[in-house]
Amino acid sequence: MLIKILGTLDLFAALAFILNNNFDKGDSWFPNKIVLILGIYILIKGIMFLLALDYVSLIDVICGIILITSVYIHIHPILAFLVA
């Protein structure tokens, strides 16, 4: 059950990241707060599972950092699709 919830939140974070990143930061209609909250969620989830010695969660930590920084700067579309 927990895997389904975490997977659904990850998919929602990927969708929010793509929607937020494909538009100009000044004219974005998608709320940056949602992307920021989901980025913090992925970062915390990655750190929690990294502490449990799951080294694949390092990817979650990196993606969470990129998601959080995408709120403030424009990320190249290729990097955005790789992260999503």
# chains A, B, ... in the order shown; residues from 1 in each chain; ligands from 1
>>> residues_around(residues="Ala84 (chain A)", least_positions_apart="5", cutoff="8 Å", atoms="only C-alpha atoms", output="count of residues only")
5
>>> residues_around(residues="region 37-39 of chain A", least_positions_apart="2", cutoff="12 Å", atoms="only C-alpha atoms", output="MDAnalysis selection string")
chainID A and resid 6 8:17 20 31:35 41:46 60:71 83:84
>>> select_by_dssp(residues="region 7-66 of chain A", states="alpha helix (DSSP H)", output="ChimeraX atom specification")
/A:7-21,32-51,58-66
>>> atom_distance(atom1="CA of Ile59 (chain A)", atom2="CA of Gly7 (chain A)")
14.6 Å
>>> atom_distance(atom1="CA of Ile78 (chain A)", atom2="CA of Asn21 (chain A)")
10.7 Å
